[in-house]
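Pasting start_27.tsv here (TSV, C-alpha atoms):
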chain	number	residue	atom	x	y	z
A	379	MET	CA	-36.47	28.60	-44.10
A	380	ASN	CA	-38.31	31.60	-42.65
A	381	LEU	CA	-35.48	33.84	-41.42
A	382	ARG	CA	-37.90	36.16	-39.60
A	383	HIS	CA	-38.79	33.31	-37.26
A	384	PHE	CA	-35.13	32.70	-36.41
A	385	GLU	CA	-34.27	36.39	-36.01
A	386	ASN	CA	-36.48	36.76	-32.94
A	387	LYS	CA	-34.21	37.63	-29.99
A	388	ALA	CA	-36.36	35.91	-27.38
A	389	ARG	CA	-36.45	32.65	-29.36
A	390	GLN	CA	-32.70	32.83	-29.98
A	391	SER	CA	-31.98	33.24	-26.26
A	392	PHE	CA	-34.27	30.34	-25.41
A	393	TRP	CA	-32.69	27.92	-27.87
A	394	LEU	CA	-29.13	29.07	-27.15
A	395	VAL	CA	-29.59	28.06	-23.51
A	396	HIS	CA	-30.90	24.62	-24.52
A	397	ILE	CA	-28.14	24.04	-27.08
A	398	GLU	CA	-25.42	24.88	-24.55
A	399	ALA	CA	-27.05	22.66	-21.92
A	400	TRP	CA	-27.27	19.82	-24.45
A	401	ARG	CA	-23.55	20.12	-25.27
A	402	GLN	CA	-22.58	19.81	-21.61
A	403	SER	CA	-25.02	17.01	-20.81
A	404	GLY	CA	-23.30	14.33	-22.93
A	405	LEU	CA	-26.67	13.09	-24.26
A	406	ASP	CA	-27.74	12.73	-27.82
A	407	ARG	CA	-30.36	15.09	-29.20
A	408	THR	CA	-33.20	12.57	-29.03
A	409	ASN	CA	-32.81	11.82	-25.31
A	410	TYR	CA	-32.21	15.47	-24.43
A	411	CYS	CA	-35.38	16.60	-26.20
A	412	ARG	CA	-37.34	13.77	-24.59
A	413	GLN	CA	-36.18	14.80	-21.09
A	414	HIS	CA	-36.98	18.50	-21.60
A	415	GLY	CA	-40.20	18.11	-23.60
A	416	LEU	CA	-38.86	19.57	-26.84
A	417	TRP	CA	-39.54	18.69	-30.46
A	418	LYS	CA	-36.42	17.18	-31.97
A	419	CYS	CA	-37.14	18.59	-35.45
A	420	THR	CA	-37.42	22.10	-33.98
A	421	PHE	CA	-34.25	21.55	-31.95
A	422	ASP	CA	-32.41	20.41	-35.10
A	423	ARG	CA	-33.49	23.48	-37.08
A	424	TRP	CA	-32.32	25.87	-34.37
A	425	LEU	CA	-29.08	23.93	-33.97
A	426	ASN	CA	-28.38	24.16	-37.68
A	427	TYR	CA	-29.19	27.86	-37.67
A	428	LEU	CA	-27.26	28.85	-34.53
A	429	ALA	CA	-24.34	26.44	-34.55
A	430	GLY	CA	-24.14	25.65	-38.23
A	431	LYS	CA	-24.35	22.31	-39.94
A	432	GLU	CA	-20.59	21.67	-39.70
A	433	ALA	CA	-20.49	22.27	-35.94
A	434	ALA	CA	-23.48	20.01	-35.45
A	435	ARG	CA	-21.85	17.26	-37.50
A	436	LYS	CA	-18.57	17.52	-35.56
A	437	HIS	CA	-20.39	17.38	-32.26
A	438	ALA	CA	-22.32	14.30	-33.38
A	439	GLU	CA	-19.04	12.62	-34.40
A	440	TYR	CA	-17.53	13.54	-31.05
A	441	GLN	CA	-20.47	12.00	-29.21
A	442	ALA	CA	-20.16	8.82	-31.28
A	443	GLU	CA	-16.43	8.60	-30.59
A	444	LEU	CA	-17.04	9.17	-26.89
A	445	ARG	CA	-19.58	6.35	-26.76
A	446	ARG	CA	-17.15	4.08	-28.62
A	447	GLN	CA	-14.36	4.84	-26.14
A	448	GLN	CA	-16.68	4.13	-23.22
A	449	LYS	CA	-17.64	0.81	-24.78
A	450	LEU	CA	-13.97	-0.13	-25.24
A	451	GLU	CA	-13.20	0.79	-21.63
A	452	MET	CA	-16.04	-1.41	-20.39
A	453	GLN	CA	-14.75	-4.31	-22.50
A	454	GLU	CA	-11.24	-3.82	-21.12
A	455	LYS	CA	-12.56	-3.80	-17.54
A	456	ARG	CA	-14.46	-7.04	-18.15
A	457	ARG	CA	-11.34	-8.60	-19.68
A	458	ARG	CA	-9.21	-7.61	-16.68
A	459	ARG	CA	-11.86	-8.95	-14.30
A	460	ARG	CA	-11.83	-12.30	-16.09
A	461	ALA	CA	-8.00	-12.32	-15.98
A	462	ARG	CA	-8.02	-11.73	-12.23
A	463	LEU	CA	-10.39	-14.63	-11.72
A	464	ARG	CA	-8.37	-16.94	-13.95
A	465	PHE	CA	-6.82	-18.84	-11.03
A	466	GLY	CA	-9.73	-19.76	-8.78
A	467	VAL	CA	-9.74	-21.41	-5.37
A	468	SER	CA	-8.54	-24.93	-6.03
A	469	THR	CA	-7.07	-27.15	-3.31
A	470	ASP	CA	-7.16	-30.57	-4.95
A	471	GLU	CA	-4.20	-32.56	-3.62
A	472	ARG	CA	-4.54	-35.38	-6.15
A	473	ASN	CA	-3.33	-33.32	-9.11
A	474	ARG	CA	0.48	-33.38	-9.24
A	475	ALA	CA	0.60	-30.47	-11.68
A	476	LEU	CA	-1.49	-28.39	-9.29
A	477	GLN	CA	0.81	-29.29	-6.42
A	478	ALA	CA	3.86	-28.24	-8.45
A	479	PHE	CA	2.14	-24.99	-9.43
A	480	TRP	CA	1.45	-23.92	-5.84
A	481	ALA	CA	4.81	-25.19	-4.54
A	482	MET	CA	6.53	-22.95	-7.09
A	483	HIS	CA	4.48	-19.91	-6.01
A	484	VAL	CA	5.00	-20.60	-2.28
A	485	GLU	CA	8.76	-20.77	-2.81
A	486	ALA	CA	8.73	-17.57	-4.90
A	487	MET	CA	6.70	-15.80	-2.19
A	488	ASN	CA	9.20	-16.85	0.50
A	489	TRP	CA	12.06	-15.53	-1.59
A	490	SER	CA	10.30	-12.24	-2.34
A	491	GLY	CA	9.68	-11.41	1.33
A	492	MET	CA	6.08	-10.36	0.61
A	493	GLY	CA	3.02	-11.46	2.52
A	494	VAL	CA	0.27	-13.73	1.23
A	495	ARG	CA	-2.16	-10.99	0.29
A	496	GLU	CA	0.48	-8.79	-1.34
A	497	TYR	CA	1.95	-11.63	-3.42
A	498	ALA	CA	-1.51	-12.91	-4.44
A	499	ALA	CA	-2.61	-9.43	-5.49
A	500	VAL	CA	0.46	-8.92	-7.67
A	501	LEU	CA	0.07	-12.24	-9.54
A	502	HIS	CA	-3.76	-12.34	-9.47
A	503	LEU	CA	-3.90	-15.49	-7.33
A	504	SER	CA	-6.36	-16.60	-4.71
A	505	PRO	CA	-4.96	-15.62	-1.28
A	506	THR	CA	-7.02	-18.39	0.36
A	507	SER	CA	-5.53	-21.11	-1.83
A	508	LEU	CA	-2.03	-19.66	-1.49
A	509	ARG	CA	-2.33	-19.66	2.30
A	510	LYS	CA	-3.66	-23.24	2.38
A	511	TRP	CA	-0.88	-24.57	0.17
A	512	ARG	CA	1.76	-22.67	2.15
A	513	ASP	CA	0.55	-24.28	5.39
A	514	ARG	CA	0.45	-27.74	3.78
A	515	LEU	CA	3.97	-27.41	2.44
A	516	ASP	CA	5.31	-26.01	5.72
A	517	ASP	CA	3.64	-28.80	7.75
A	518	GLY	CA	4.93	-31.50	5.40
A	519	GLU	CA	1.47	-32.71	4.32
A	520	VAL	CA	2.51	-32.30	0.67
A	521	VAL	CA	6.10	-32.91	-0.43
A	522	ILE	CA	6.84	-32.32	-4.09
A	523	ASP	CA	9.77	-31.16	-6.20
A	524	TRP	CA	8.11	-28.80	-8.64
A	525	ARG	CA	11.35	-28.49	-10.66
A	526	ALA	CA	11.08	-32.16	-11.59
A	527	HIS	CA	7.87	-31.35	-13.49
A	528	LEU	CA	9.59	-28.75	-15.68
A	529	HIS	CA	11.25	-29.39	-19.00
A	530	PRO	CA	14.92	-30.38	-18.48
A	531	SER	CA	16.12	-27.27	-20.31
A	532	ALA	CA	14.13	-25.00	-17.96
A	533	ARG	CA	15.01	-26.57	-14.60
A	534	PRO	CA	16.87	-24.08	-12.37
A	535	VAL	CA	19.54	-25.07	-9.91
A	536	ALA	CA	18.45	-22.66	-7.14
A	537	GLY	CA	16.78	-23.96	-3.99
A	538	THR	CA	14.82	-22.44	-1.15
A	539	SER	CA	17.96	-21.78	0.90
A	540	ALA	CA	20.21	-18.77	0.48
A	541	ILE	CA	23.39	-20.92	0.42
A	542	ALA	CA	25.21	-20.33	-2.83
A	543	ALA	CA	25.17	-23.44	-5.00
A	544	THR	CA	27.74	-24.22	-7.67
A	545	PRO	CA	26.13	-23.37	-11.03
A	546	GLU	CA	26.08	-26.08	-13.64
A	547	SER	CA	26.67	-25.42	-17.31
A	548	ARG	CA	23.68	-26.27	-19.52
A	549	LEU	CA	25.57	-26.03	-22.81
A	550	THR	CA	28.46	-28.36	-22.04
A	551	ASP	CA	28.51	-31.49	-19.89
A	552	PRO	CA	31.13	-31.78	-17.13
A	553	PRO	CA	34.14	-33.96	-17.92
A	554	GLN	CA	33.68	-37.62	-17.10
A	555	ASP	CA	36.88	-37.83	-15.03
A	556	GLU	CA	35.79	-35.04	-12.67
A	557	PRO	CA	33.26	-35.90	-9.97
A	558	ALA	CA	30.00	-34.01	-10.12
A	559	PRO	CA	29.65	-31.36	-7.39
A	560	PRO	CA	27.19	-32.20	-4.61
A	561	ARG	CA	23.80	-30.70	-5.29
A	562	GLN	CA	22.08	-28.66	-2.64
A	563	PRO	CA	18.76	-29.98	-1.32
A	564	VAL	CA	15.75	-28.69	-3.20
A	565	ARG	CA	13.79	-27.75	-0.09
A	566	ARG	CA	14.64	-27.60	3.59
A	567	PHE	CA	12.13	-27.95	6.42
A	568	PHE	CA	12.36	-26.34	9.87
A	569	SER	CA	10.41	-27.43	12.90
A	570	ASP	CA	8.57	-24.92	15.06
A	571	GLU	CA	11.28	-25.18	17.73
A	572	GLU	CA	13.99	-24.39	15.19
A	573	LYS	CA	12.02	-21.48	13.77
A	574	ARG	CA	11.43	-20.04	17.26
A	575	ALA	CA	15.10	-20.45	18.20
A	576	ILE	CA	16.28	-18.68	15.03
A	577	ALA	CA	13.75	-15.86	15.55
A	578	VAL	CA	14.87	-15.39	19.18
A	579	GLU	CA	18.51	-15.40	18.09
A	580	SER	CA	17.82	-12.55	15.65
A	581	ASP	CA	16.41	-10.46	18.52
A	582	GLN	CA	19.59	-10.55	20.59
A	583	PRO	CA	21.33	-7.17	21.17
A	584	GLY	CA	24.07	-6.40	18.65
A	585	VAL	CA	22.80	-8.98	16.14
A	586	SER	CA	21.09	-8.05	12.86
A	587	VAL	CA	18.42	-10.08	11.11
A	588	SER	CA	20.46	-10.34	7.90
A	589	GLN	CA	23.43	-11.82	9.78
A	590	VAL	CA	21.30	-14.53	11.38
A	591	ALA	CA	19.63	-15.27	8.01
A	592	ARG	CA	23.01	-15.73	6.29
A	593	LYS	CA	24.23	-17.88	9.17
A	594	HIS	CA	21.36	-20.34	8.85
A	595	GLY	CA	21.12	-20.12	5.05
A	596	ILE	CA	17.63	-18.63	4.78
A	597	VAL	CA	16.29	-15.48	3.19
A	598	THR	CA	15.63	-12.38	5.27
A	599	GLY	CA	11.93	-12.21	4.36
A	600	MET	CA	11.31	-15.71	5.74
A	601	LEU	CA	13.05	-14.80	9.01
A	602	PHE	CA	10.88	-11.68	9.38
A	603	ARG	CA	7.80	-13.85	8.86
A	604	TRP	CA	8.96	-16.20	11.61
A	605	ARG	CA	9.51	-13.24	13.95
A	606	VAL	CA	5.91	-12.12	13.40
A	607	GLN	CA	4.60	-15.69	13.72
A	608	PHE	CA	6.20	-16.25	17.13
A	609	GLY	CA	5.75	-12.69	18.44
A	610	VAL	CA	9.43	-11.79	18.60
A	611	ALA	CA	10.34	-8.08	18.94
A	612	GLN	CA	6.74	-6.94	19.29
A	613	LYS	CA	6.08	-3.38	20.41
A	614	LYS	CA	5.95	-3.15	24.20
A	615	ARG	CA	3.71	-0.77	26.05
A	616	ALA	CA	5.43	2.01	27.94
A	617	LYS	CA	5.24	1.68	31.69
A	618	LEU	CA	4.94	4.67	34.03
A	619	ALA	CA	7.30	4.75	37.03
A	620	PRO	CA	5.87	6.04	40.33
A	621	VAL	CA	7.51	9.23	41.65
A	622	SER	CA	7.36	10.29	45.29
A	623	LEU	CA	8.32	13.70	46.70
A	624	THR	CA	10.52	14.10	49.76
A	625	ASP	CA	9.01	15.32	53.01
A	626	GLY	CA	8.75	19.06	53.34
A	627	ALA	CA	9.54	19.81	49.69
A	628	ARG	CA	7.05	21.68	47.54
A	629	ALA	CA	6.18	20.34	44.10
A	630	MET	CA	6.55	23.80	42.55
A	631	LEU	CA	10.13	24.13	43.79
A	632	LEU	CA	11.04	20.68	42.46
A	633	LEU	CA	9.44	21.09	39.06
A	634	ARG	CA	10.05	24.77	38.34
A	635	ASP	CA	13.43	24.07	36.70
A	636	LEU	CA	11.65	21.91	34.13
A	637	VAL	CA	9.39	24.77	32.95
A	638	ARG	CA	10.88	26.81	30.11
A	639	PRO	CA	10.09	30.53	29.74
A	640	PRO	CA	7.83	31.34	26.78
A	641	ASP	CA	9.21	33.10	23.72
A	642	GLY	CA	10.07	36.73	24.49
A	643	MET	CA	9.97	36.15	28.28
A	644	MET	CA	12.61	35.61	30.97
A	645	ALA	CA	12.46	34.04	34.45
A	646	ILE	CA	13.13	35.96	37.69
A	647	ASP	CA	13.53	34.12	41.02
A	648	LEU	CA	11.90	35.73	44.06
A	649	SER	CA	13.25	35.74	47.59
A	650	ASP	CA	10.76	33.08	48.78
A	651	GLY	CA	11.83	30.62	46.07
A	652	ARG	CA	9.03	31.35	43.62
A	653	ARG	CA	9.64	32.25	39.97
A	654	VAL	CA	7.82	34.66	37.65
A	655	PHE	CA	8.04	35.23	33.87
A	656	VAL	CA	8.35	38.81	32.62
A	657	PRO	CA	9.21	40.36	29.22
A	658	ILE	CA	12.88	40.37	28.28
A	659	GLY	CA	14.64	43.57	29.35
A	660	SER	CA	12.64	44.11	32.57
A	661	ASP	CA	14.44	45.27	35.73
A	662	PRO	CA	14.63	42.28	38.16
A	663	ASP	CA	14.69	44.47	41.28
A	664	ALA	CA	11.67	46.47	40.12
A	665	VAL	CA	9.79	43.24	39.36
A	666	ARG	CA	10.56	41.77	42.81
A	667	GLU	CA	9.45	44.98	44.53
A	668	HIS	CA	6.26	45.07	42.48
A	669	VAL	CA	5.44	41.42	43.35
A	670	GLU	CA	6.12	41.90	47.04
A	671	ASN	CA	3.73	44.88	47.06
A	672	GLY	CA	0.99	42.61	45.71
A	673	GLY	CA	1.03	43.85	42.13
A	674	ILE	CA	1.42	40.37	40.57
A	675	ALA	CA	0.00	37.12	41.88
A	676	PRO	CA	2.62	34.50	40.91
Would you encode the structure as structure tokens?
Amino acid sequence: MNLRHFENKARQSFWLVHIEAWRQSGLDRTNYCRQHGLWKCTFDRWLNYLAGKEAARKHAEYQAELRRQQKLEMQEKRRRRRARLRFGVSTDERNRALQAFWAMHVEAMNWSGMGVREYAAVLHLSPTSLRKWRDRLDDGEVVIDWRAHLHPSARPVAGTSAIAATPESRLTDPPQDEPAPPRQPVRRFFSDEEKRAIAVESDQPGVSVSQVARKHGIVTGMLFRWRVQFGVAQKKRAKLAPVSLTDGARAMLLLRDLVRPPDGMMAIDLSDGRRVFVPIGSDPDAVREHVENGGIAP
């Protein structure tokens, strides 16, 4: 290695600028030299001389690790995208398992109090399919007990209503001499008239939504959804009331009491009924005399 060639100050400044720019660019040496019209062998010699072989090796390892991390992140993004698209739009009514699947999610959404889009986003479901199955189940087009399709050991006792049901023991059977407690219905259906009546009842003065929900044995989130569906308790536009002034009364005299003095000012009433604002501490008599002489135009 010819040290005289590398000891030139102008050449050192030139290659120091390129080496620093290469470190901040995130490119490898081959692509950087290709973009800037440099010889890679010359760039490598100056890098070894200025930065040292160890620093060059560490930087190369760092670049390789950075590319590996970026590759792993891209793979993870593709995996998450495939997971989100796992449950596609499927509305086949002939499949009983599919009906039980959507009936379970519709019931869970009603219990959670969330909307269709929010619930579908949390569980990576299709909001279109969830909305279609919710409408079918609410209209009675599809009637299915999704708990009957579960394994007997995993069948819950809860229903769609908020009425407390007597829990059954899964480890021990009830005695034969005692009658079995009546089981609550799996799903209850409300007509549009019943839904509207319950929603209107919750909008009465002095009545809370939770009280009406407990009275009818439904969850609060479902009642809020009914209120939105039938337009109960919507925001009303404010209406302006017309105001008329009495004969012979001036608007300034009627509205002057509504005007507050600014900060650091006080109000002084004149003999003709007008009012002026002056700094705090002013002499009222002197101010009235000054106004009457034409010094201030109130």
Practice task
Could you please determine the separation between CA of Trp604 in chain A and CA of Ala577 in chain A in Å, to one decimal place?
Solution key: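 Distance between the two atoms: 6.2 Å.
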Handout entry: Residue nearest Gln477 in chain A among A:Arg495, A:Lys449, A:Arg514, A:Arg456 (counting all atoms listed in the file)
Key = A:Arg514
Problem - CA of Ser586 in chain A to CA of Arg605 in chain A, distance in Å rounded to a single decimal - result: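 If I compute the distance from CA of Ser586 in chain A to CA of Arg605 in chain A, I get 12.7 Å.
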Handout entry: Point-to-point distance from CA of Pro583 in chain A to CA of Val494 in chain A, Å rounded to tenths
Key =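 According to the coordinates, CA of Pro583 in chain A and CA of Val494 in chain A are separated by 29.7 Å.
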Exercise for the section: Skip His483 in chain A itself and residues of its chain fewer than 4 positions away, then list as number ranges by chain all residues within 8 Å of it, counting only C-alpha atoms. Expected result: A: 479, 487, 508
Practice task
Kindly indicate which residue among A:Leu394, A:Gln582, A:Trp511, A:Met492 lies nearest to Leu476 in chain A, using all atoms listed in the file for the distances.
Solution key: A:Trp511
Centre, x/y/z edge lengths, axis-aligned box for range 392-404 of chain A with 5 Å per side, as JSON:
{"center_x": -28.4, "center_y": 22.3, "center_z": -24.3, "size_x": 21.7, "size_y": 26.0, "size_z": 17.1}
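When only C-alpha atoms are used to compute distances to Arg638 in chain A, the closest of the residues A:Val578, A:Cys411, A:Ala526, A:Val654 turns out to be A:Val654.
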Exercise for the section: Select all residues near (7.0, -14.4, 1.3) (cut-off 10 Å, inclusive, file coordinates), counting all atoms listed in the file, and output them as a ChimeraX atom specification. Expected result: /A:483-497,512,597-603
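Using all atoms listed in the file for every distance, the candidate list A:Ala475, A:Val520, A:Leu428, A:Ala438 yields A:Leu428 as the residue closest to Glu385 in chain A.
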